[in-house]
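Engineer: See final_9.cif below, with mmCIF, C-alpha atoms.
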```cif
data_my_file
loop_
_atom_site.label_atom_id
_atom_site.label_comp_id
_atom_site.auth_asym_id
_atom_site.auth_seq_id
_atom_site.Cartn_x
_atom_site.Cartn_y
_atom_site.Cartn_z
CA MET S 1 -33.47 27.61 -2.38
CA SER S 2 -33.91 26.51 1.24
CA PHE S 3 -31.12 26.32 3.80
CA VAL S 4 -31.27 22.50 3.74
CA ASN S 5 -30.81 22.38 -0.02
CA VAL S 6 -27.86 24.76 0.19
CA THR S 7 -26.29 22.58 2.89
CA ILE S 8 -26.81 19.43 0.80
CA ASN S 9 -25.17 21.01 -2.25
CA GLU S 10 -22.25 22.22 -0.15
CA LEU S 11 -21.75 18.76 1.37
CA ASN S 12 -21.83 17.06 -2.04
CA ASP S 13 -19.44 19.62 -3.50
CA ALA S 14 -17.11 19.25 -0.52
CA SER S 15 -17.22 15.48 -0.91
CA SER S 16 -16.07 15.54 -4.55
CA LYS S 17 -13.35 18.14 -3.97
CA THR S 18 -12.04 16.48 -0.81
CA ILE S 19 -11.72 13.10 -2.50
CA LEU S 20 -9.94 14.64 -5.49
CA ILE S 21 -7.42 16.52 -3.32
CA LEU S 22 -6.73 13.57 -1.00
CA SER S 23 -6.34 11.26 -3.99
CA LEU S 24 -3.70 13.48 -5.58
CA PHE S 25 -1.67 13.34 -2.36
CA SER S 26 -2.07 9.57 -2.22
CA ILE S 27 -1.51 8.68 -5.87
CA ILE S 28 1.44 10.91 -6.82
CA PRO S 29 3.76 10.83 -3.77
CA GLY S 30 2.43 7.42 -2.74
CA GLY S 31 2.97 5.89 -6.18
CA ILE S 32 6.52 7.23 -6.36
CA GLY S 33 7.20 5.89 -2.87
CA LEU S 34 5.86 2.44 -3.74
CA ILE S 35 8.10 2.29 -6.80
CA PHE S 36 11.07 3.11 -4.55
CA ASN S 37 9.91 0.34 -2.21
CA ILE S 38 10.08 -2.18 -5.05
CA LEU S 39 13.55 -0.96 -6.03
CA ILE S 40 14.77 -1.23 -2.43
CA PHE S 41 13.30 -4.66 -1.69
CA SER S 42 14.63 -6.09 -4.96
CA ARG S 43 18.23 -5.04 -4.27
CA PRO S 44 20.76 -7.91 -3.80
CA SER S 45 21.28 -7.04 -0.15
CA MET S 46 17.51 -7.24 0.50
CA CYS S 47 16.08 -9.89 -1.84
CA ARG S 48 17.89 -12.71 -0.03
CA GLU S 49 15.85 -12.02 3.12
CA PRO S 50 12.43 -13.75 3.41
CA CYS S 51 11.04 -10.75 5.32
CA ALA S 52 11.96 -8.48 2.41
CA ALA S 53 10.15 -10.84 0.03
CA TYR S 54 6.92 -10.37 2.00
CA PHE S 55 7.37 -6.60 1.99
CA PHE S 56 8.08 -6.73 -1.76
CA TRP S 57 4.81 -8.52 -2.57
CA SER S 58 2.88 -6.33 -0.15
CA THR S 59 4.20 -3.34 -2.09
CA CYS S 60 3.24 -4.92 -5.43
CA PHE S 61 -0.38 -5.33 -4.32
CA SER S 62 -0.37 -1.81 -2.87
CA LEU S 63 0.93 -0.48 -6.20
CA ILE S 64 -2.05 -2.03 -8.02
CA TYR S 65 -4.39 -0.68 -5.37
CA VAL S 66 -3.04 2.88 -5.44
CA LEU S 67 -2.08 3.41 -9.10
CA ILE S 68 -4.87 1.46 -10.83
CA LEU S 69 -7.89 1.02 -8.57
CA GLN S 70 -7.72 4.38 -6.81
CA PRO S 71 -7.84 6.43 -10.07
CA VAL S 72 -10.84 4.34 -11.13
CA ARG S 73 -12.62 5.19 -7.88
CA VAL S 74 -11.67 8.87 -8.21
CA LEU S 75 -13.31 8.99 -11.64
CA ALA S 76 -16.41 7.38 -10.15
CA VAL S 77 -16.65 9.61 -7.09
CA SER S 78 -15.47 13.00 -8.35
CA PHE S 79 -16.54 12.87 -12.00
CA ASN S 80 -19.41 10.34 -11.89
CA ILE S 81 -17.68 8.08 -14.44
CA ASP S 82 -18.32 4.56 -13.16
CA GLN S 83 -19.04 1.66 -15.49
CA ALA S 84 -19.36 -0.66 -12.49
CA ASN S 85 -22.80 0.84 -11.83
CA TYR S 86 -24.08 -0.20 -15.25
CA ASN S 87 -22.16 -3.38 -16.14
CA LEU S 88 -22.58 -6.38 -13.85
CA GLY S 89 -19.32 -8.03 -14.97
CA ILE S 90 -17.27 -4.89 -14.28
CA CYS S 91 -19.11 -4.46 -10.97
CA LYS S 92 -18.12 -7.91 -9.71
CA ILE S 93 -14.54 -7.91 -11.01
CA GLU S 94 -13.69 -4.35 -9.95
CA PHE S 95 -14.73 -4.82 -6.31
CA PHE S 96 -13.33 -8.35 -6.22
CA VAL S 97 -9.88 -7.10 -7.26
CA PHE S 98 -10.31 -4.03 -5.03
CA TYR S 99 -10.79 -6.12 -1.89
CA ILE S 100 -8.15 -8.71 -2.82
CA THR S 101 -5.32 -6.25 -3.41
CA ARG S 102 -5.75 -4.29 -0.21
CA SER S 103 -6.24 -7.42 1.92
CA ALA S 104 -3.21 -9.16 0.42
CA SER S 105 -1.07 -6.09 1.02
CA SER S 106 -1.97 -6.03 4.72
CA TRP S 107 -1.64 -9.77 5.26
CA PHE S 108 1.84 -9.93 3.71
CA ILE S 109 2.94 -7.38 6.32
CA VAL S 110 1.43 -9.66 8.98
CA ILE S 111 3.40 -12.61 7.61
CA ALA S 112 6.54 -10.47 7.59
CA CYS S 113 6.00 -9.88 11.34
CA ILE S 114 5.59 -13.64 11.84
CA ASP S 115 8.82 -14.20 9.91
CA ARG S 116 10.62 -11.77 12.25
CA PHE S 117 9.36 -13.78 15.20
CA LEU S 118 10.55 -17.08 13.69
CA HIS S 119 13.91 -15.64 12.71
CA SER S 120 14.58 -14.34 16.23
CA SER S 121 13.38 -17.49 18.03
CA ALA S 122 15.74 -19.54 20.22
CA ASN S 123 14.12 -22.68 18.75
CA ALA S 124 16.24 -23.94 15.85
CA HIS S 125 13.22 -25.51 14.14
CA PHE S 126 11.42 -22.16 14.17
CA ARG S 127 14.48 -20.38 12.75
CA GLN S 128 14.64 -22.88 9.87
CA MET S 129 11.10 -21.87 8.90
CA SER S 130 12.38 -18.37 8.19
CA SER S 131 13.88 -19.04 4.76
CA LEU S 132 13.46 -17.73 1.23
CA LYS S 133 12.27 -21.13 -0.02
CA ILE S 134 9.45 -21.27 2.54
CA ALA S 135 8.67 -17.59 1.88
CA LYS S 136 7.97 -18.35 -1.80
CA ILE S 137 5.59 -21.16 -0.84
CA VAL S 138 3.84 -19.00 1.78
CA ILE S 139 3.43 -16.14 -0.70
CA LEU S 140 1.78 -18.46 -3.23
CA ILE S 141 -0.50 -20.10 -0.66
CA THR S 142 -1.48 -16.76 0.90
CA SER S 143 -2.38 -15.30 -2.50
CA ILE S 144 -4.57 -18.31 -3.33
CA VAL S 145 -6.28 -18.31 0.09
CA ILE S 146 -7.08 -14.58 -0.11
CA ILE S 147 -8.58 -15.05 -3.58
CA LEU S 148 -10.72 -17.95 -2.32
CA LEU S 149 -11.82 -16.04 0.80
CA HIS S 150 -13.13 -13.21 -1.39
CA SER S 151 -14.66 -15.43 -4.10
CA HIS S 152 -18.16 -14.94 -2.62
CA MET S 153 -18.06 -11.37 -3.93
CA LEU S 154 -18.24 -12.68 -7.49
CA VAL S 155 -21.60 -14.20 -6.60
CA TYR S 156 -23.22 -11.73 -4.20
CA TYR S 157 -22.15 -8.35 -5.59
CA GLU S 158 -24.81 -6.89 -7.83
CA ILE S 159 -26.19 -3.65 -9.23
CA SER S 160 -28.96 -2.34 -7.01
CA TYR S 161 -30.95 0.88 -6.98
CA SER S 162 -30.81 3.25 -4.02
CA SER S 163 -30.94 6.95 -3.17
CA ASP S 164 -27.73 8.86 -3.81
CA GLN S 165 -26.51 11.96 -1.95
CA PHE S 166 -28.89 14.11 -4.02
CA GLY S 167 -31.90 11.98 -3.13
CA ASN S 168 -32.16 10.53 -6.66
CA ILE S 169 -32.68 6.81 -7.29
CA THR S 170 -29.56 5.60 -9.12
CA PRO S 171 -27.87 2.26 -9.85
CA ALA S 172 -24.87 1.32 -7.70
CA CYS S 173 -22.60 -1.69 -7.29
CA PHE S 174 -23.06 -3.13 -3.78
CA GLY S 175 -23.29 -6.41 -1.93
CA ARG S 176 -26.68 -8.07 -2.00
CA LYS S 177 -29.17 -6.44 0.35
CA GLY S 178 -29.97 -8.17 3.60
CA ILE S 179 -27.77 -10.41 5.70
CA TYR S 180 -24.93 -10.45 3.13
CA ARG S 181 -24.42 -6.69 3.32
CA THR S 182 -24.12 -6.99 7.12
CA PHE S 183 -21.75 -9.92 6.63
CA ILE S 184 -19.48 -8.01 4.25
CA GLY S 185 -19.15 -5.18 6.80
CA LEU S 186 -18.13 -7.62 9.55
CA TRP S 187 -15.92 -9.50 7.09
CA ASN S 188 -14.11 -6.34 6.09
CA LEU S 189 -13.67 -5.31 9.74
CA ALA S 190 -12.16 -8.68 10.67
CA LEU S 191 -10.13 -9.54 7.57
CA TYR S 192 -8.82 -6.13 6.63
CA SER S 193 -8.74 -3.96 9.74
CA PHE S 194 -8.91 -5.72 13.11
CA CYS S 195 -7.14 -9.06 12.61
CA PRO S 196 -4.04 -7.79 10.73
CA SER S 197 -3.47 -5.05 13.32
CA ILE S 198 -3.82 -7.43 16.29
CA LEU S 199 -1.58 -10.08 14.72
CA MET S 200 1.12 -7.56 13.81
CA LEU S 201 1.13 -6.26 17.36
CA PHE S 202 1.14 -9.79 18.83
CA PHE S 203 4.02 -11.18 16.77
CA GLY S 204 5.91 -7.91 16.96
CA LEU S 205 5.88 -8.05 20.76
CA LEU S 206 6.97 -11.70 20.66
CA THR S 207 9.85 -10.71 18.38
CA LEU S 208 11.00 -8.02 20.80
CA LYS S 209 10.74 -10.56 23.64
CA ASN S 210 12.97 -12.99 21.71
CA LEU S 211 15.53 -10.27 21.07
CA HIS S 212 15.51 -9.32 24.75
CA GLN S 213 16.10 -12.95 25.77
CA HIS S 214 19.02 -13.24 23.33
CA ARG S 215 20.59 -10.17 24.90
CA LEU S 216 20.27 -11.69 28.38
CA VAL S 217 21.54 -15.17 27.47
CA ILE S 218 24.38 -14.32 25.10
CA PRO S 219 27.23 -12.34 26.68
CA VAL S 220 28.00 -9.25 24.68
CA ASN S 221 30.21 -6.27 25.11
CA PHE S 222 28.90 -2.78 25.68
CA GLU S 223 29.10 -1.72 22.02
CA THR S 224 27.25 -4.79 20.76
CA ASN S 225 24.63 -4.46 23.48
CA ARG S 226 24.06 -0.84 22.52
CA GLN S 227 23.67 -1.88 18.87
CA VAL S 228 21.10 -4.53 19.84
CA ARG S 229 19.12 -1.97 21.84
CA ARG S 230 19.20 0.38 18.87
CA THR S 231 17.86 -2.40 16.62
CA ASP S 232 15.13 -3.21 19.15
CA THR S 233 14.10 0.43 19.18
CA GLN S 234 13.91 0.55 15.39
CA LEU S 235 11.80 -2.61 15.29
CA LEU S 236 9.47 -1.20 17.91
CA ARG S 237 9.08 2.09 16.02
CA MET S 238 8.37 0.30 12.75
CA LEU S 239 5.91 -2.03 14.44
CA ILE S 240 3.99 0.72 16.22
CA ALA S 241 3.91 2.84 13.07
CA GLN S 242 2.60 -0.06 10.95
CA VAL S 243 -0.10 -1.02 13.42
CA LEU S 244 -1.26 2.55 14.02
CA VAL S 245 -1.40 3.49 10.33
CA ILE S 246 -3.27 0.36 9.28
CA PHE S 247 -5.66 0.45 12.23
CA ILE S 248 -6.42 4.19 11.98
CA CYS S 249 -6.84 4.16 8.21
CA THR S 250 -8.96 1.01 7.91
CA LEU S 251 -11.17 1.06 11.00
CA PRO S 252 -13.44 4.01 9.96
CA ILE S 253 -14.57 2.43 6.68
CA SER S 254 -15.39 -0.83 8.45
CA ILE S 255 -17.49 0.99 11.05
CA ILE S 256 -19.31 2.95 8.34
CA GLN S 257 -20.02 -0.23 6.40
CA LEU S 258 -21.50 -1.80 9.52
CA TYR S 259 -23.55 1.34 10.17
CA SER S 260 -24.86 1.32 6.59
CA SER S 261 -25.81 -2.35 6.91
CA PHE S 262 -27.69 -1.87 10.19
CA THR S 263 -29.54 1.22 8.91
CA LEU S 264 -30.32 -0.21 5.49
CA ASN S 265 -34.09 -0.24 6.09
CA VAL S 266 -34.16 3.18 7.77
CA VAL S 267 -35.81 5.95 5.75
CA LYS S 268 -33.29 8.78 5.37
CA ASN S 269 -33.77 12.31 4.09
CA THR S 270 -31.46 13.89 1.52
CA LEU S 271 -29.48 15.83 4.15
CA ARG S 272 -28.65 12.68 6.08
CA LEU S 273 -27.71 10.88 2.85
CA ALA S 274 -25.36 13.73 1.91
CA GLN S 275 -23.75 13.66 5.37
CA GLU S 276 -23.30 9.88 5.27
CA ASN S 277 -21.93 10.10 1.73
CA LEU S 278 -19.27 12.61 2.78
CA ALA S 279 -18.24 10.50 5.79
CA SER S 280 -18.14 7.31 3.72
CA ARG S 281 -16.01 8.79 0.97
CA ILE S 282 -13.48 10.32 3.37
CA ALA S 283 -13.25 7.01 5.25
CA SER S 284 -12.75 5.14 1.98
CA GLU S 285 -10.02 7.55 0.97
CA LEU S 286 -8.17 6.98 4.25
CA THR S 287 -7.67 3.30 3.37
CA TYR S 288 -5.46 4.30 0.43
CA PHE S 289 -3.06 6.08 2.77
CA ALA S 290 -2.52 2.81 4.67
CA HIS S 291 -0.92 1.52 1.45
CA SER S 292 0.56 4.62 -0.16
CA SER S 293 2.40 5.80 2.96
CA THR S 294 4.54 2.67 3.49
CA PHE S 295 7.66 4.08 1.81
CA PHE S 296 7.65 7.18 4.01
CA LEU S 297 6.86 5.01 7.02
CA TYR S 298 9.82 2.68 6.39
CA THR S 299 12.14 5.55 5.56
CA LEU S 300 11.33 7.45 8.73
CA THR S 301 11.50 4.46 11.06
CA GLY S 302 14.07 2.11 9.49
CA THR S 303 17.75 2.94 9.08
CA ILE S 304 18.28 0.07 6.63
CA PHE S 305 15.68 1.52 4.24
CA ARG S 306 17.32 4.92 4.34
CA LYS S 307 20.71 3.35 3.59
CA GLU S 308 19.38 1.38 0.62
CA LEU S 309 17.52 4.45 -0.67
CA SER S 310 20.72 6.47 -0.40
CA LYS S 311 22.57 3.80 -2.40
CA ILE S 312 19.94 3.86 -5.13
CA ILE S 313 20.10 7.65 -5.39
CA ARG S 314 23.92 7.61 -5.48
CA GLN S 315 23.90 4.94 -8.20
CA TYR S 316 21.43 6.94 -10.25
CA CYS S 317 23.50 10.12 -9.86
CA ARG S 318 26.68 8.21 -10.77
CA PHE S 319 24.97 6.69 -13.81
CA ASN S 320 23.80 10.12 -15.01
CA HIS S 321 27.24 11.59 -14.36
CA ASN S 322 28.93 8.82 -16.38
CA ARG S 323 26.38 9.18 -19.17
CA LEU S 324 26.97 12.91 -19.37
CA ASN S 325 30.72 12.30 -19.47
CA ARG S 326 30.29 9.79 -22.31
CA ILE S 327 28.12 12.25 -24.22
CA HIS S 328 30.70 14.99 -23.65
CA ASP S 329 33.54 12.73 -24.81
CA GLU S 330 31.63 11.65 -27.92
CA THR S 331 30.77 15.29 -28.70
CA HIS S 332 34.40 16.26 -28.24
CA ARG S 333 35.61 13.44 -30.54
CA MET S 334 33.07 14.42 -33.19
CA SER S 335 34.18 18.04 -32.95
CA VAL S 336 37.85 17.06 -33.29
CA LEU S 337 37.04 14.78 -36.22
CA GLN S 338 35.11 17.52 -38.00
CA LYS S 339 37.95 19.99 -37.49
CA SER S 340 40.41 17.41 -38.78
CA GLN S 341 38.30 16.81 -41.88
CA LYS S 342 38.03 20.55 -42.52
CA THR S 343 41.80 20.97 -42.17
CA GLN S 344 42.42 18.06 -44.52
CA THR S 345 40.00 19.53 -47.06
CA HIS S 346 41.75 22.92 -47.01
CA THR S 347 45.12 21.17 -47.44
CA ASN S 348 43.98 19.22 -50.46
CA HIS S 349 42.36 22.30 -52.06
CA PRO S 350 44.60 25.35 -51.50
#
```
The structure in this file should be written as structure tokens.

Structural biologist:
Amino acid sequence: MSFVNVTINELNDASSKTILILSLFSIIPGGIGLIFNILIFSRPSMCREPCAAYFFWSTCFSLIYVLILQPVRVLAVSFNIDQANYNLGICKIEFFVFYITRSASSWFIVIACIDRFLHSSANAHFRQMSSLKIAKIVILITSIVIILLHSHMLVYYEISYSSDQFGNITPACFGRKGIYRTFIGLWNLALYSFCPSILMLFFGLLTLKNLHQHRLVIPVNFETNRQVRRTDTQLLRMLIAQVLVIFICTLPISIIQLYSSFTLNVVKNTLRLAQENLASRIASELTYFAHSSTFFLYTLTGTIFRKELSKIIRQYCRFNHNRLNRIHDETHRMSVLQKSQKTQTHTNHP
């Protein structure tokens, strides 16, 4: 076996193992974290806030993306079990839902940033737009718009034949060759990576500007002013963390998709295909961390999330403690009753 063939086999083996290991880190801790997110955002102290409603639905879409779609892709990549490559209906629906869930998750975070800006505005009309009633309408409209914006995938995604990382001609579910495959790369870059990051940064900075103006206009004492500065710092940390994680995790896959589109007609040897396959799969895997890491992101950067998490843990511990006490009391009563019955039996039959 030549050196090139050995290198190709090592790259393909590394690709499968890397995806499997990264997926385990994303699915297990990430899935648990997303479930905690839902519990936190649905608490009475949180569910009354429109911003929390946007975070709640972002988490719901991320949960579908991480706990349902990611395992499906792991089976396809690491174990070569992929019905989407052989069934046109599954091909269209799987990638349609795949793109919808991750886009919706990111855009609900963008809308949450816009809600922060409206809520902190000095304009009373803007502040009125930050309400739970409007949030429910926006959530419904956003979901419908995202579905419509991705509806072209149901038409232009198809099963095509191309060389895999081993140089074999195999079926694969992709966008239609030609201008559409270039379009889907640009579309993904704009709708999923670039635009959400820029808008989050833009409205986040406007929110901080509003908070700064409130601090200058409204006279406050030293303690209150210190509390406002602390809140500003938390908002800035959360904002920077959100933008960096989304941008870093989603930009590589968009660039690779564009590269694949522009080099579609280039003849590639098996070594280059194996190298591109490894890079593409690692970049794809990074996008999952943009969604599975939100709980840890919020916990590290937001005091309010840590407080609500602490309350949930204390309630769970208190519930278990009370349940154990009830079980102990019931066991004790049963033991006393059995002893009483035995004593009564011995008394009746000397």

Engineer: Hey, what's within 8 Å of range 34-51 of chain S if we count only C-alpha atoms and toss same-chain stuff fewer than 6 positions away? As a PyMOL selection string, please?

Structural biologist: chain S and resi 59-60+62-63+112-113+115-116+130-132+135+292+294-295+305+308-309+312

Engineer: I need the residues from that last selection saved to file as a PDB file, in the frame of the given file (with C-alpha atoms), if you can.

Structural biologist:
```pdb
ATOM      1  CA  THR S  59       4.200  -3.340  -2.090  1.00  0.00           C
ATOM      2  CA  CYS S  60       3.240  -4.920  -5.430  1.00  0.00           C
ATOM      3  CA  SER S  62      -0.370  -1.810  -2.870  1.00  0.00           C
ATOM      4  CA  LEU S  63       0.930  -0.480  -6.200  1.00  0.00           C
ATOM      5  CA  ALA S 112       6.540 -10.470   7.590  1.00  0.00           C
ATOM      6  CA  CYS S 113       6.000  -9.880  11.340  1.00  0.00           C
ATOM      7  CA  ASP S 115       8.820 -14.200   9.910  1.00  0.00           C
ATOM      8  CA  ARG S 116      10.620 -11.770  12.250  1.00  0.00           C
ATOM      9  CA  SER S 130      12.380 -18.370   8.190  1.00  0.00           C
ATOM     10  CA  SER S 131      13.880 -19.040   4.760  1.00  0.00           C
ATOM     11  CA  LEU S 132      13.460 -17.730   1.230  1.00  0.00           C
ATOM     12  CA  ALA S 135       8.670 -17.590   1.880  1.00  0.00           C
ATOM     13  CA  SER S 292       0.560   4.620  -0.160  1.00  0.00           C
ATOM     14  CA  THR S 294       4.540   2.670   3.490  1.00  0.00           C
ATOM     15  CA  PHE S 295       7.660   4.080   1.810  1.00  0.00           C
ATOM     16  CA  PHE S 305      15.680   1.520   4.240  1.00  0.00           C
ATOM     17  CA  GLU S 308      19.380   1.380   0.620  1.00  0.00           C
ATOM     18  CA  LEU S 309      17.520   4.450  -0.670  1.00  0.00           C
ATOM     19  CA  ILE S 312      19.940   3.860  -5.130  1.00  0.00           C
TER      20      ILE S 312
END
```

Engineer: Please check which residues have atoms at most 12 Å from (-16.7, -3.7, -6.1) in the file's coordinates, counting only C-alpha atoms, and write them as a ChimeraX atom specification.

Structural biologist: /S:69,72-73,76,82-85,87-101,150,152-159,172-176,184

Engineer: One decimal, Å: what's the distance from CA of Gly31 in chain S over to CA of Ser15 in chain S, could you say?

Structural biologist: 23.0 Å

Engineer: May I have the protein, DNA and RNA residues with an atom at most 9 Å from (-7.5, -4.6, 11.6), counting only C-alpha atoms in the file's coordinates, returned as a PyMOL selection string?

Structural biologist: chain S and resi 106+188-199+243+246-248+250-251

Engineer: Rank S:Pro29, S:Pro171, S:Gly204, S:Pro252 by their smallest atom-to-atom distance to Leu118 in chain S, using only C-alpha atoms, and report the top residue only.

Structural biologist: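 Using only C-alpha atoms, Leu118 in chain S sits closest to S:Gly204.
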
Engineer: When you count all atoms listed in the file, which of these residues is closest to Gly178 in chain S: S:Tyr316, S:Trp57, S:Phe262, S:Phe126?

Structural biologist: S:Phe262

Engineer: Please determine, counting only C-alpha atoms, which residue among S:Thr182, S:Thr299, S:Ser103, S:Thr287 has the shortest atom-to-atom distance to Leu258 in chain S.

Structural biologist: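 Among the listed residues, S:Thr182 lies closest to Leu258 in chain S.
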
Engineer: Got a sec: who's within 10 Å of Gln128 in chain S, counting only C-alpha atoms, leaving out chain neighbours fewer than 6 positions off, as a list in words?

Structural biologist: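 Returned residues: Leu118, His119, Ser121 and Ile134 of chain S.
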
Engineer: So the first atom is CA of Ala53 in chain S and the second is CA of Ser284 in chain S; what is the distance between them in Å, to one decimal place?

Structural biologist: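 Separating CA of Ala53 in chain S from CA of Ser284 in chain S is a distance of 28.0 Å.
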
Engineer: Kindly give the distance, in Å, that separates CA of Asn12 in chain S and CA of Val66 in chain S, rounded to a single decimal.

Structural biologist: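 A separation of 23.8 Å between them.
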